[in-house]
>>> print(open('model24.cif').read())   # mmCIF, C-alpha atoms and all ligand atoms
data_model
#
loop_
_atom_site.label_atom_id
_atom_site.label_comp_id
_atom_site.auth_asym_id
_atom_site.auth_seq_id
_atom_site.Cartn_x
_atom_site.Cartn_y
_atom_site.Cartn_z
CA MET A 1462 -18.56 -17.21 6.72
CA LYS A 1463 -21.31 -15.20 8.45
CA LYS A 1464 -22.12 -15.32 12.16
CA THR A 1465 -24.33 -13.49 14.66
CA ILE A 1466 -24.07 -12.84 18.38
CA SER A 1467 -26.71 -10.98 20.35
CA ARG A 1468 -25.63 -7.82 22.14
CA ASP A 1469 -26.40 -9.27 25.55
CA LYS A 1470 -23.80 -11.99 24.94
CA LEU A 1471 -21.00 -9.57 24.07
CA PRO A 1472 -19.44 -9.73 27.57
CA ASP A 1473 -19.05 -13.51 27.01
CA LEU A 1474 -17.45 -12.81 23.65
CA TRP A 1475 -14.88 -10.45 25.20
CA LYS A 1476 -14.08 -12.90 27.95
CA THR A 1477 -13.67 -15.82 25.54
CA LEU A 1478 -11.52 -13.85 23.11
CA ALA A 1479 -9.34 -12.41 25.86
CA GLY A 1480 -8.76 -15.94 27.15
CA LYS A 1481 -7.24 -16.88 23.79
CA MET A 1482 -5.28 -13.79 22.76
CA GLN A 1483 -4.70 -10.14 23.54
CA LEU A 1484 -7.94 -8.30 22.88
CA TYR A 1485 -7.91 -4.58 22.07
CA LEU A 1486 -11.18 -2.72 21.68
CA PRO A 1487 -12.75 0.72 22.26
CA VAL A 1488 -13.13 1.37 25.98
CA GLN A 1489 -14.81 4.33 27.65
CA ASP A 1490 -12.22 5.91 29.93
CA GLY A 1491 -13.70 9.03 31.56
CA PRO A 1492 -14.67 11.40 28.76
CA ALA A 1493 -12.38 9.66 26.25
CA VAL A 1494 -12.76 6.45 24.27
CA LEU A 1495 -9.44 4.64 24.06
CA LEU A 1496 -8.34 1.53 22.22
CA LYS A 1497 -7.32 -0.57 25.23
CA GLN A 1498 -6.61 -4.15 26.13
CA TRP A 1499 -9.70 -5.79 27.55
CA GLU A 1500 -9.80 -6.70 31.20
CA GLU A 1501 -12.67 -7.62 33.49
CA GLY A 1502 -14.80 -4.60 34.32
CA VAL A 1503 -13.83 -2.27 31.47
CA ASP A 1504 -16.63 -0.28 29.83
CA VAL A 1505 -16.57 -1.41 26.17
CA ASN A 1506 -18.03 1.25 23.87
CA LEU A 1507 -18.70 0.04 20.33
CA ASP A 1508 -20.97 3.00 19.60
CA ALA A 1509 -18.20 5.58 19.79
CA VAL A 1510 -17.37 7.51 16.63
CA ASN A 1511 -13.61 7.21 17.01
CA THR A 1512 -11.03 6.25 19.61
CA ALA A 1513 -8.80 9.14 20.71
CA ILE A 1514 -5.71 7.37 19.36
CA SER A 1515 -6.08 5.04 16.41
CA VAL A 1516 -5.11 1.40 15.88
CA LYS A 1517 -1.63 2.54 14.79
CA ASP A 1518 -0.79 2.35 18.51
CA ILE A 1519 -1.02 -1.46 18.30
CA PHE A 1520 1.20 -1.91 15.25
CA LEU A 1521 3.58 0.98 15.97
CA PRO A 1522 3.37 1.38 19.76
CA ARG A 1523 4.02 4.85 21.10
CA GLU A 1524 7.02 3.45 22.96
CA GLU A 1525 8.78 0.10 22.78
CA THR A 1526 12.10 -1.38 23.83
CA TYR A 1527 13.34 -3.66 21.11
CA LEU A 1528 16.94 -4.44 22.05
CA GLN A 1529 18.77 -4.95 25.32
CA TYR A 1530 22.52 -5.28 25.74
CA HIS A 1531 24.56 -6.67 28.57
CA CYS A 1532 28.35 -6.49 28.66
CA SER A 1533 30.44 -8.70 30.92
CA GLY A 1534 34.23 -8.78 30.53
CA GLN A 1535 34.88 -9.40 26.82
CA THR A 1536 31.36 -10.70 26.20
CA LEU A 1537 28.52 -8.64 24.76
CA GLU A 1538 25.06 -10.17 24.89
CA LEU A 1539 22.27 -8.75 22.77
CA SER A 1540 18.66 -9.75 23.21
CA GLU A 1541 16.12 -8.67 20.67
CA MET A 1542 12.45 -8.42 21.42
CA GLU A 1543 10.70 -11.53 20.16
CA ASP A 1544 7.61 -11.46 22.30
CA PHE A 1545 4.86 -10.97 19.72
CA GLN A 1546 1.59 -12.33 21.07
CA PRO A 1547 -1.45 -13.19 18.92
CA ALA A 1548 -3.91 -10.34 19.20
CA VAL A 1549 -7.24 -9.15 17.90
CA ALA A 1550 -7.99 -5.49 17.20
CA PHE A 1551 -11.78 -5.30 17.53
CA GLY A 1552 -14.03 -2.46 16.45
CA ILE A 1553 -11.68 -0.67 14.06
CA HIS A 1554 -13.54 1.77 11.83
CA PRO A 1555 -12.99 1.74 8.04
CA CYS A 1556 -11.09 5.07 8.04
CA ASP A 1557 -8.58 3.76 10.59
CA LEU A 1558 -8.10 0.51 8.70
CA LYS A 1559 -7.46 2.47 5.52
CA ALA A 1560 -4.82 4.39 7.49
CA VAL A 1561 -3.19 1.06 8.41
CA GLU A 1562 -3.01 0.23 4.71
CA LEU A 1563 -1.15 3.51 4.19
CA LEU A 1564 1.25 2.58 7.00
CA ASP A 1565 1.71 -0.91 5.47
CA LYS A 1566 3.08 0.71 2.32
CA VAL A 1567 5.79 2.38 4.38
CA PHE A 1568 6.61 -0.34 6.90
CA MET A 1569 5.90 -3.63 5.11
CA ASP A 1570 5.53 -3.32 1.37
CA GLN A 1571 9.16 -2.58 0.62
CA GLU A 1572 12.51 -4.11 1.50
CA PRO A 1573 13.68 -4.17 4.13
CA ALA A 1574 10.39 -4.31 5.97
CA ASP A 1575 10.13 -2.99 9.51
CA THR A 1576 10.26 -6.28 11.44
CA LEU A 1577 8.53 -5.05 14.57
CA TYR A 1578 5.61 -3.60 12.63
CA LYS A 1579 5.36 -6.59 10.29
CA LYS A 1580 5.30 -9.18 13.07
CA ARG A 1581 2.55 -7.34 14.89
CA ARG A 1582 0.51 -7.06 11.70
CA GLU A 1583 0.93 -10.77 11.06
CA LYS A 1584 -0.03 -11.72 14.60
CA THR A 1585 -3.06 -9.46 14.79
CA THR A 1586 -6.52 -10.23 13.44
CA VAL A 1587 -8.51 -7.12 12.62
CA VAL A 1588 -12.26 -6.97 13.17
CA ALA A 1589 -13.49 -3.80 11.47
CA LEU A 1590 -16.74 -2.25 12.62
CA ALA A 1591 -19.06 -0.35 10.29
CA CYS A 1592 -19.78 3.18 11.50
CA ASN A 1593 -23.36 3.74 12.56
CA LYS A 1594 -23.13 7.49 12.67
CA PRO A 1595 -20.38 9.97 11.86
CA ASP A 1596 -19.79 13.14 13.83
CA PRO A 1597 -19.52 16.60 12.18
CA PHE A 1598 -15.74 16.19 11.83
CA CYS A 1599 -15.73 12.88 9.91
CA PHE A 1600 -15.05 13.36 6.20
CA CYS A 1601 -13.82 9.95 5.00
CA ASN A 1602 -16.17 10.13 1.98
CA ASP A 1603 -13.73 12.64 0.50
CA PHE A 1604 -11.15 9.83 0.32
CA ALA A 1605 -13.56 7.32 -1.25
CA ILE A 1606 -13.86 5.42 2.02
CA ASN A 1607 -17.16 3.70 2.71
CA PRO A 1608 -17.90 4.02 6.46
CA ALA A 1609 -19.90 0.78 6.26
CA ASP A 1610 -17.19 -1.40 4.75
CA ALA A 1611 -13.46 -1.96 5.21
CA PRO A 1612 -12.10 -3.95 2.24
CA GLY A 1613 -8.81 -4.92 3.92
CA THR A 1614 -10.26 -6.36 7.12
CA ASP A 1615 -10.14 -9.95 8.38
CA VAL A 1616 -13.68 -9.77 9.78
CA MET A 1617 -16.31 -7.14 8.99
CA ALA A 1618 -18.73 -6.41 11.81
CA HIS A 1619 -22.06 -4.56 11.88
CA LEU A 1620 -23.72 -3.54 15.11
CA THR A 1621 -27.52 -3.42 15.07
CA GLU A 1622 -30.04 -2.68 17.84
CA SER A 1623 -29.93 -6.29 19.03
CA ASN A 1624 -26.99 -8.06 17.43
CA LEU A 1625 -23.44 -7.98 16.28
CA LEU A 1626 -23.11 -9.44 12.77
CA LEU A 1627 -19.71 -10.85 11.83
CA GLU A 1628 -18.47 -11.78 8.38
CA ALA A 1629 -15.05 -13.43 7.88
CA ARG A 1630 -13.22 -12.05 4.87
CA THR A 1631 -9.83 -13.79 5.19
CA GLU A 1632 -8.45 -17.10 6.47
CA LYS A 1633 -7.31 -15.32 9.62
CA GLY A 1634 -10.82 -14.01 10.11
CA LYS A 1635 -12.33 -17.44 9.52
CA ASN A 1636 -9.97 -18.98 12.09
CA LEU A 1637 -10.99 -16.36 14.60
CA LEU A 1638 -14.71 -17.01 14.18
CA GLU A 1639 -14.17 -20.77 14.25
CA GLN A 1640 -12.41 -20.46 17.59
CA LEU A 1641 -15.52 -18.88 19.06
CA GLY A 1642 -17.55 -22.01 18.42
CA GLU A 1643 -21.05 -22.12 19.86
CA LEU A 1644 -20.90 -18.60 21.19
CA LEU A 1645 -21.84 -17.52 17.67
CA GLU A 1646 -24.96 -18.45 15.71
CA ASP A 1647 -24.62 -19.35 12.03
CA GLY A 1648 -25.59 -16.76 9.44
CA PHE A 1649 -26.87 -13.23 9.88
CA LYS A 1650 -30.01 -13.22 12.05
CA GLU A 1651 -31.11 -9.90 10.61
CA ASP A 1652 -30.16 -7.63 7.72
CA GLN A 1653 -27.02 -5.68 8.20
CA ARG A 1654 -27.77 -2.02 8.60
CA GLN A 1655 -27.48 -0.03 5.41
CA ASN A 1656 -25.42 2.95 6.39
CA GLU A 1657 -26.48 5.48 3.84
CA PHE A 1658 -25.28 8.58 5.61
CA LYS A 1659 -22.81 10.96 4.06
CA THR A 1660 -19.90 12.26 6.09
CA ALA A 1661 -19.25 15.99 6.38
CA ASP A 1662 -18.97 17.87 3.11
CA PHE A 1663 -16.20 20.43 3.45
CA ASN A 1664 -16.37 21.16 -0.26
CA LEU A 1665 -12.86 19.85 -0.88
CA SER A 1666 -11.36 19.34 -4.32
CA LEU A 1667 -8.42 16.95 -4.02
CA GLU A 1668 -7.93 16.13 -7.70
CA GLY A 1669 -4.53 17.36 -8.88
CA LEU A 1670 -3.66 18.84 -5.48
CA ALA A 1671 -0.34 16.95 -5.15
CA ASP A 1672 0.79 18.18 -8.57
CA ASN A 1673 -0.32 21.69 -7.81
CA LEU A 1674 1.76 21.73 -4.61
CA LYS A 1675 5.02 20.97 -6.41
CA SER A 1676 5.52 24.65 -7.12
CA ARG A 1677 4.18 25.90 -3.79
CA PHE A 1678 7.15 25.21 -1.49
CA ASP A 1679 8.12 28.89 -1.33
CA ASP A 1680 4.57 30.19 -1.58
CA PRO A 1681 4.13 33.29 0.63
CA LEU A 1682 0.98 31.61 1.94
CA TRP A 1683 3.11 29.56 4.34
CA ASP A 1684 4.33 32.84 5.93
CA GLU A 1685 0.80 33.37 7.24
CA LEU A 1686 -0.53 29.85 7.54
CA TYR A 1687 1.86 28.63 10.20
CA LYS A 1688 1.44 31.55 12.59
CA SER A 1689 -1.30 30.16 14.80
CA CYS A 1690 0.50 26.81 15.32
CA LEU A 1691 1.61 26.24 18.92
CA GLY A 1692 3.94 23.38 18.03
CA CYS A 1693 2.17 21.11 20.52
CA GLY A 1694 2.31 18.06 18.21
CA VAL A 1695 -1.19 16.84 19.12
CA CYS A 1696 -2.13 16.65 15.43
CA THR A 1697 0.64 14.18 14.69
CA TYR A 1698 0.02 11.99 17.73
CA VAL A 1699 -3.67 11.54 17.06
CA CYS A 1700 -3.30 11.18 13.29
CA PRO A 1701 -3.56 7.54 12.17
CA THR A 1702 -1.35 8.19 9.13
CA CYS A 1703 1.53 9.97 10.93
CA TYR A 1704 4.34 7.54 11.61
CA CYS A 1705 7.51 9.43 12.57
CA PHE A 1706 9.50 7.89 15.39
CA ASP A 1707 12.78 8.36 17.19
CA VAL A 1708 15.31 5.70 18.23
CA GLU A 1709 17.35 6.17 21.40
CA ASP A 1710 19.74 4.18 23.53
CA TYR A 1711 19.38 4.28 27.27
CA GLY A 1712 21.88 2.81 29.70
CA HIS A 1713 25.62 2.76 30.32
CA ALA A 1714 28.70 0.85 29.14
CA TYR A 1715 27.64 -2.46 30.72
CA GLU A 1716 23.95 -2.69 30.13
CA GLY A 1717 21.11 -0.81 28.58
CA GLU A 1718 18.39 -0.83 26.01
CA ARG A 1719 17.41 0.60 22.67
CA PHE A 1720 13.90 1.86 22.32
CA ARG A 1721 11.82 3.77 19.85
CA CYS A 1722 8.98 6.15 20.52
CA TRP A 1723 6.68 8.34 18.49
CA ASP A 1724 8.14 11.63 17.45
CA SER A 1725 6.62 14.60 15.67
CA CYS A 1726 7.74 16.76 12.76
CA MET A 1727 6.09 19.61 14.67
CA PHE A 1728 8.81 19.54 17.35
CA GLY A 1729 11.86 21.78 17.02
CA GLU A 1730 14.39 19.02 17.77
CA PHE A 1731 12.89 16.57 15.31
CA THR A 1732 15.39 17.37 12.54
CA GLN A 1733 18.20 18.66 14.77
CA MET A 1734 21.42 16.88 13.93
CA ALA A 1735 24.21 15.81 16.27
CA GLY A 1736 26.36 18.79 15.27
CA GLY A 1737 23.53 21.21 16.13
CA HIS A 1738 22.39 22.07 12.58
CA ASN A 1739 18.66 22.05 12.08
CA PRO A 1740 17.34 22.24 8.49
CA ARG A 1741 13.81 23.09 9.67
CA THR A 1742 14.56 26.13 11.70
CA GLY A 1743 11.12 27.34 12.65
CA ARG A 1744 7.43 26.56 12.95
CA LYS A 1745 6.79 27.68 9.38
CA GLU A 1746 9.12 24.99 8.02
CA ARG A 1747 7.61 22.41 10.33
CA VAL A 1748 3.97 23.18 9.51
CA ARG A 1749 4.83 23.16 5.80
CA GLN A 1750 6.53 19.78 6.18
CA ARG A 1751 3.55 18.22 7.93
CA PHE A 1752 1.09 19.23 5.28
CA LEU A 1753 3.31 18.77 2.22
CA HIS A 1754 4.17 15.30 3.45
CA LYS A 1755 0.49 14.31 3.57
CA LEU A 1756 -0.61 16.12 0.44
CA GLN A 1757 2.40 15.98 -1.89
CA TYR A 1758 5.36 13.81 -0.79
CA TYR A 1759 3.40 10.72 0.27
CA PRO A 1760 1.21 10.80 -2.88
CA GLU A 1761 4.33 11.17 -5.04
CA THR A 1762 5.80 8.02 -3.50
CA TYR A 1763 2.73 5.87 -2.84
CA GLY A 1764 0.07 7.27 -5.15
CA GLU A 1765 -2.51 8.58 -2.67
CA ILE A 1766 -3.00 11.32 -0.10
CA ALA A 1767 -1.94 10.40 3.44
CA CYS A 1768 -5.20 11.42 5.06
CA VAL A 1769 -8.31 9.30 5.63
CA GLY A 1770 -10.69 11.99 6.86
CA CYS A 1771 -10.93 10.58 10.38
CA GLY A 1772 -11.38 14.11 11.72
CA ARG A 1773 -9.03 13.73 14.70
CA CYS A 1774 -6.91 16.78 13.83
CA LEU A 1775 -10.12 18.81 13.43
CA ARG A 1776 -11.28 17.72 16.88
CA SER A 1777 -7.91 18.14 18.58
CA CYS A 1778 -5.94 21.09 17.24
CA PRO A 1779 -6.30 23.88 19.82
CA VAL A 1780 -6.05 26.57 17.13
CA ASN A 1781 -8.02 24.85 14.33
CA LEU A 1782 -5.02 24.53 12.04
CA ASP A 1783 -6.34 21.25 10.71
CA ILE A 1784 -5.94 19.61 7.33
CA VAL A 1785 -9.27 20.87 5.99
CA GLN A 1786 -8.30 24.48 6.68
CA VAL A 1787 -4.91 23.95 5.08
CA ILE A 1788 -6.28 22.20 1.97
CA LYS A 1789 -8.69 25.08 1.49
CA ALA A 1790 -5.98 27.68 2.00
CA LEU A 1791 -3.91 25.88 -0.64
CA GLY A 1792 -6.74 26.14 -3.15
CA GLY A 1793 -8.22 22.68 -2.68
CA GLU A 1794 -11.79 23.90 -2.45
CA LYS A 1795 -14.45 23.30 -5.09
CA VAL A 1796 -15.35 26.34 -7.09
CA GLU A 1797 -19.03 26.87 -7.84
CA GLN A 1798 -19.74 26.63 -11.60
CA ARG A 1799 -22.13 29.26 -12.84
S1 LIG C 1 -1.21 22.30 13.98
FE1 LIG C 1 -2.45 22.46 15.87
S2 LIG C 1 -2.28 20.43 16.88
FE2 LIG C 1 -0.63 20.55 15.31
S3 LIG C 1 1.18 21.31 16.45
FE3 LIG C 1 0.14 23.13 15.59
S4 LIG C 1 -1.27 23.81 17.23
FE4 LIG C 1 -0.66 21.70 17.77
S1 LIG C 2 -4.71 14.56 8.75
FE1 LIG C 2 -6.38 14.77 10.27
S2 LIG C 2 -8.25 14.00 9.26
FE2 LIG C 2 -6.45 13.29 8.04
S3 LIG C 2 -6.01 11.24 8.84
FE3 LIG C 2 -4.72 12.68 9.99
S4 LIG C 2 -5.91 13.23 11.84
FE4 LIG C 2 -7.32 12.23 10.36
#
>>> encode(input="model24.cif", output="structure tokens", more="lines below")
Ligand code: SF4
Ligand code: SF4
Amino acid sequence: MKKTISRDKLPDLWKTLAGKMQLYLPVQDGPAVLLKQWEEGVDVNLDAVNTAISVKDIFLPREETYLQYHCSGQTLELSEMEDFQPAVAFGIHPCDLKAVELLDKVFMDQEPADTLYKKRREKTTVVALACNKPDPFCFCNDFAINPADAPGTDVMAHLTESNLLLEARTEKGKNLLEQLGELLEDGFKEDQRQNEFKTADFNLSLEGLADNLKSRFDDPLWDELYKSCLGCGVCTYVCPTCYCFDVEDYGHAYEGERFRCWDSCMFGEFTQMAGGHNPRTGRKERVRQRFLHKLQYYPETYGEIACVGCGRCLRSCPVNLDIVQVIKALGGEKVEQR
């Protein structure tokens, strides 16, 4: 099913969608573009390269209470969170949707599935948006991602000078477009833009990297590589494929709640155990963990590297200790053939 809506009608589209379900989309918020819930007056920005935090924030919220307990006399009442509203995630770029597929493998594609994540995925319709232009930090081509197409999406959208072109790819996507009725015109009213650009070429060679790293755990390289890291954790928070979280109880004997929130392998307390022992004693061990997880451990378990080339760690790390620098330091750079 193919549909078109002209750009000048997009405010009507947002209003109609938000009247039916929760609508998340890229919003200009000062200098940042954030994936936020639509409300009247927000400045929607579909031309942005990337939102500061990816769509993982919808499926794995940075903080959520999922259990409350109340104790009265001999009675203990537990209430689990069941409030999963239908939602649409609009304007998700192909790299970020690929990252969601990597998260699906961890949270949904094995038993037991993570119920909170799975219910949100099931309730949310994804409208992917083809990139119109990358910035110098985007390198999704290195992971065989096409910036103009997101195979796993419910609806694929293309933004042109005058129109937004929408193509339903799943039943969920078809239902969404059908709900928008006469707001949309049938068919594509112009050709979808052919995005023929290439993303940044950092000269990476990823073939065989995971295997190569198996013998590099004690490589002296780590003794130097970690030194600039400040342990701020920004890289893990902005990364769409990082998914570590912490679970904590808050309250007292009679009532309280259990919540989970994002955590980071770059923080000292991340692996600290109740008795005080910490197997990752310093920043070197933590930096090594972050990069070996993406480049060796995840591929060993799920068959692909846990990076989608979104460029967020390149844009955000205050000391430029990003994944491109680390891959190169580990020998993952193409060698010129003479
Ligand atoms: S690698 Fe960079 S962003 Fe990540 S914790 Fe270290 S300094 Fe912060
Ligand atoms: S490691 Fe960096 S480039 Fe790769 S997905 Fe994470 S933030 Fe994006």
>>> closest_residue(input="model24.cif", among="A:Thr1614, A:Leu1686, A:Ala1790, A:Glu1746", to="Glu1632 in chain A", atoms="all atoms listed in the file")
A:Thr1614
>>> residues_around(input="model24.cif", residues="Cys1532 in chain A", least_positions_apart="4", cutoff="8 Å", atoms="all atoms listed in the file", output="number ranges by chain")
A: 1536-1538, 1714-1716
>>> residues_around(input="model24.cif", residues="range 1666-1682 of chain A", least_positions_apart="4", cutoff="6 Å", atoms="all atoms listed in the file", output="list in words")
Leu1756, Gln1757, Gly1793, Glu1794 and Lys1795 of chain A
>>> atom_distance(input="model24.cif", atom1="CA of Glu1541 in chain A", atom2="CA of Tyr1578 in chain A")
14.2 Å
>>> closest_residue(input="model24.cif", among="A:Val1780, A:Leu1564, A:Leu1791, A:Ala1618", to="Lys1688 in chain A", atoms="only C-alpha atoms")
A:Val1780
>>> atom_distance(input="model24.cif", atom1="CA of Glu1730 in chain A", atom2="CA of Cys1705 in chain A")
12.9 Å
>>> axis_aligned_box(input="model24.cif", around="ligand LIG 2 (chain C)", padding_each_side="5 Å", output="JSON")
{"center_x": -6.5, "center_y": 13.0, "center_z": 9.9, "size_x": 13.5, "size_y": 13.5, "size_z": 13.8}
>>> residues_near_ligand(input="model24.cif", ligand="ligand LIG 1 (chain C)", cutoff="12 Å", atoms="only C-alpha atoms and all ligand atoms", output="JSON, numbers by chain")
{"A": [1686, 1687, 1688, 1689, 1690, 1691, 1692, 1693, 1694, 1695, 1696, 1697, 1698, 1699, 1700, 1703, 1724, 1725, 1726, 1727, 1728, 1729, 1744, 1745, 1746, 1747, 1748, 1749, 1750, 1751, 1752, 1773, 1774, 1775, 1776, 1777, 1778, 1779, 1780, 1781, 1782, 1783, 1784, 1785, 1786, 1787]}
>>> atom_distance(input="model24.cif", atom1="CA of Glu1501 in chain A", atom2="CA of Trp1475 in chain A")
9.0 Å
>>> residues_around(input="model24.cif", residues="range 1594-1610 of chain A", least_positions_apart="2", cutoff="8 Å", atoms="all atoms listed in the file", output="list in words")
Val1510, His1554, Pro1555, Cys1556, Lys1559, Leu1590, Ala1591, Cys1592, Pro1612, Met1617, Gln1655, Asn1656, Phe1658, Lys1659, Thr1660, Ala1661, Asp1662, Phe1663, Leu1665, Cys1768, Val1769, Gly1770, Cys1771, Gly1772, Arg1773, Leu1775 and Arg1776 of chain A
>>> closest_residue(input="model24.cif", among="A:Asp1652, A:Glu1685, A:Glu1628, A:Asp1575", to="Leu1521 in chain A", atoms="only C-alpha atoms")
A:Asp1575
>>> closest_residue(input="model24.cif", among="A:Arg1468, A:Thr1477, A:Met1462, A:Glu1562", to="Ser1623 in chain A", atoms="only C-alpha atoms")
A:Arg1468
